[in-house]
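Engineer: The structure is given below, and queries will be raised subsequently.
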Amino acid sequence: MNFQFSEEIESLKEIVRKFVKEEVEPVANQIEEENAIPPHLVSMSKEMGLFGLSIPEEYDGLGLSMVDKCAILEELAKTHNGYTTLISCHIGIGSVGIVEFGNEEQKKKYLPKMATGEWIGAFALTEPDAGSNAANLKTTAVRREDKYIINGSKHYITNAHDAHVFTVMAVTDPTKGARGITSFIVEKGTPGFEIGAPEKKLGLRGSNSAELYFENVEIPAENVLGTEGEGYINALKILANGRASMAARCLGSSERLLEHSMEHALERKQFDQPIFNFQAIQHMIADMALQIESLRSFTYRVAWMVDQGERVVKEAAMVKLYGSEVYNKVADSALQVHGGLGYMKDFPIERFFRDARITRIYEGTSEIQRNIIASELNREYAPRG
Ligand SMILES: Cc1cc2nc3c(=O)[nH]c(=O)nc-3n(C[C@H](O)[C@H](O)[C@H](O)COP(=O)(O)OP(=O)(O)OC[C@H]3O[C@@H](n4cnc5c(N)ncnc54)[C@H](O)[C@@H]3O)c2cc1C
């Protein structure tokens, strides 16, 4: 394993770092206030190729490996997490299904436009009765000649209002449980397909989440993604492979919080000295640095395993769980180091503190990651009989 990035990736990281500092940071408060990403930021992100990071080069993307994608996401996550979510959802769960399971026609039709960001992607698995128990879907897709008719609803769907292309899981054979679920590509504007009002959330301002409604939505049979009956397995694979990139985002945000904390601790004086002189502060900061360092090694190791085509079910669950725990602990310590200033909206710490919380819930809660880890351990250790 060698985590030395190529010159190309180092230079892209530098470009993203500069973009984040000069373009995203200055409008972070505006995103918070308006709950919207300024259109010029989206346009600039498109021009930089950020929407095509993980789309193969033959479909006009940058075709980055998981390690390289994590390297860029780490930089992007150093700023406003709502902005980062627009891109990370698109390059992750929003488009990976088509990259991994799409046929040639589907790839040619969707990926070039997704690579430029002209068409943004979303992933629609969760329903009111199917959260952690994601196989318990009620949305149905009934075959009628060369079409499927979709009925049902989804909720909490990220990028719902921005997306043109939705990867939607629906039940095609209710007698087969998880094996009776199929994934479909559904385009915005298809008659009967409606998007609800934006959800009001604790954090991730600027990233929209909404319900999706399907009422007799006719989808051509050629929009089946992968094989009929494998939609649930596809969804699990999409989520599992994305877990390293979630960890990379937690890493980038945690690194930014450490930078803020060091700057503040060295500058802020109490009792006639910088608060960094107090051992209580030093220990909090030392723990932050330790957790970040171990998260960095773990993230790139799992990303590297994904690139080698290794089975990473256990490691991906571990790194997502660990990344979200590190980010939440680091955000809490950073707020403590900043004292009252950390609690104020004028300063970014409280925003990271709120945004950290979602990483323990979406793309599989911490409890579900622990269940996956335990089940994989059972698989490894249980006596074969
Ligand atoms: C901001 C946001 C964005 C999202 N984006 C998307 C998206 O783009 N696409 C999409 O499909 N979904 C999305 N989701 C949905 C997200 O993945 C689910 O919210 C998550 O999987 C949890 O499901 P739930 O909310 O129904 O909670 P529940 O499943 O009801 O869980 C409630 C609690 O019970 C625990 N629990 C449940 N089952 C078990 C068990 N077997 N063992 C131990 N504990 C258990 C959970 O861990 C949790 O603590 C998003 C959610 C949010 C909040």
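Order determines the names: the first chain of the structure tokens is A, the second B, and so forth; residues in each chain are numbered 1 upward, and ligands are numbered 1 upward as they are shown.
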Within 8 Å of segment 372-379 of chain A, counting only C-alpha atoms, which residues qualify if same-chain residues fewer than 2 places away don't, as a compact mmCIF listing (two decimals) with N, CA, C and O atoms, in the first residue's frame?
Structural biologist:
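Saved as out_36.txt:
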# COMPACT_ATOMS: atom_id res chain seq x y z
N VAL A 313 -16.94 -5.60 3.01
CA VAL A 313 -18.19 -5.38 3.76
C VAL A 313 -17.89 -4.96 5.20
O VAL A 313 -18.39 -3.94 5.69
N LYS A 314 -17.04 -5.72 5.87
CA LYS A 314 -16.74 -5.43 7.29
C LYS A 314 -15.94 -4.12 7.41
O LYS A 314 -16.29 -3.24 8.19
N GLU A 315 -14.89 -4.00 6.60
CA GLU A 315 -14.01 -2.83 6.72
C GLU A 315 -14.74 -1.54 6.35
O GLU A 315 -14.52 -0.49 6.96
N ALA A 317 -17.97 -0.97 6.69
CA ALA A 317 -18.86 -0.62 7.81
C ALA A 317 -18.04 -0.01 8.94
O ALA A 317 -18.44 0.98 9.56
N MET A 318 -16.86 -0.61 9.20
CA MET A 318 -16.00 -0.10 10.29
C MET A 318 -15.55 1.33 10.02
O MET A 318 -15.58 2.18 10.91
N ILE A 368 -26.52 0.00 12.68
CA ILE A 368 -26.54 -0.95 11.55
C ILE A 368 -25.11 -1.31 11.14
O ILE A 368 -24.82 -2.47 10.82
N GLN A 369 -24.18 -0.33 11.20
CA GLN A 369 -22.78 -0.65 10.87
C GLN A 369 -22.24 -1.68 11.87
O GLN A 369 -21.54 -2.62 11.50
N ARG A 370 -22.61 -1.49 13.16
CA ARG A 370 -22.15 -2.47 14.18
C ARG A 370 -22.75 -3.84 13.90
O ARG A 370 -22.08 -4.87 14.06
N TYR A 381 -15.75 -16.36 12.22
CA TYR A 381 -15.34 -17.18 13.36
C TYR A 381 -16.25 -18.37 13.67
O TYR A 381 -15.81 -19.30 14.35
N ALA A 382 -17.52 -18.30 13.23
CA ALA A 382 -18.46 -19.36 13.64
C ALA A 382 -17.98 -20.70 13.12
O ALA A 382 -17.52 -20.79 11.98
Engineer: What residues have any atom no more than 8 Å from ligand 1 when counting only C-alpha atoms and all ligand atoms, and can you list them as a ChimeraX atom specification?
Structural biologist: /A:89,93-94,122-134,154-160,201,204,209,358,361-368,371
Engineer: Rank nothing, just name the residue among A:Arg249, A:Lys176, A:His40, A:Arg268 nearest to Ala356 of chain A, using only C-alpha atoms.
Structural biologist: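 Residue with the minimum atom-to-atom distance to Ala356 of chain A: A:Arg249.
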Engineer: Could you give me the residues within segment 163-293 of chain A that DSSP places in strand (DSSP E or B), as a PyMOL selection string?
Structural biologist: chain A and resi 165-171+181-187+193-195+209-220+224-225+269-270+273-274
Engineer: From the list A:Leu251, A:Met344, A:Ala115, A:Leu137, which residue is nearest Ser294 of chain A when using only C-alpha atoms?
Structural biologist: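 Ranking A:Leu251, A:Met344, A:Ala115, A:Leu137 by distance to Ser294 of chain A, first place goes to A:Leu251.
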Engineer: Separation of atom CA of Gly226 of chain A and atom CA of Lys107 of chain A, in Å?
Structural biologist: 11.7 Å
Engineer: Mind giving me the straight-line distance from atom CA of Met1 of chain A to atom CA of Ser88 of chain A in Å, one decimal?
Structural biologist: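 A separation of 24.9 Å between them.
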Engineer: Mind checking which residues fall within 6 Å of Ile120 of chain A, counting only C-alpha atoms, ignoring those fewer than 4 positions away in the same chain, and posting them as a PyMOL selection string?
Structural biologist: chain A and resi 114+163-164
Engineer: Write the residues of the preceding selection, restricted to N, CA and C atoms, as an mmCIF file, in the first residue's frame.
Structural biologist:
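Generated file (part.cif):
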data_model
loop_
_atom_site.group_PDB
_atom_site.id
_atom_site.type_symbol
_atom_site.label_atom_id
_atom_site.label_comp_id
_atom_site.auth_asym_id
_atom_site.auth_seq_id
_atom_site.Cartn_x
_atom_site.Cartn_y
_atom_site.Cartn_z
ATOM 1 N N MET A 114 -24.020 13.335 -16.704
ATOM 2 C CA MET A 114 -23.806 13.356 -15.247
ATOM 3 C C MET A 114 -22.368 13.798 -14.948
ATOM 4 N N ALA A 163 -31.846 16.938 -8.722
ATOM 5 C CA ALA A 163 -31.531 15.776 -9.566
ATOM 6 C C ALA A 163 -32.410 15.658 -10.798
ATOM 7 N N HIS A 164 -31.791 15.098 -11.827
ATOM 8 C CA HIS A 164 -32.529 14.738 -13.043
ATOM 9 C C HIS A 164 -32.672 13.213 -13.126
#
Engineer: So how far away is atom CA of Cys250 of chain A from atom CA of Thr299 of chain A, in Å?
Structural biologist: 9.7 Å
Engineer: Need the shell around Gln4 of chain A: protein/DNA/RNA residues with any atom at most 12 Å away, counting only C-alpha atoms. Skip same-chain ones fewer than 2 positions apart. Format as an MDAnalysis selection string?
Structural biologist: chainID A and resid 1:2 6:10 67:68 71 300 304
Engineer: Which residue gives the smallest distance to Gly61 of chain A among A:Gly177, A:Gly342, A:Gly117, A:Gly82, with only C-alpha atoms counted?
Structural biologist: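 Result for the nearest residue to Gly61 of chain A: A:Gly117.
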Engineer: What's around Gly323 of chain A at 12 Å? Count only C-alpha atoms, leave out sequence neighbours fewer than 2 positions away in its own chain, and write the answer as an NGL selection string.
Structural biologist: :A and (74 or 243-255 or 291-300 or 302 or 315-321 or 325-330 or 356-360 or 366 or 369)
Engineer: Quick check for you: according to DSSP on this backbone, which residues of segment 106-242 of chain A are classed as helix (DSSP H, G or I)? Reply as a ChimeraX atom specification.
Structural biologist: /A:106-116,174-180,221-223,231-242
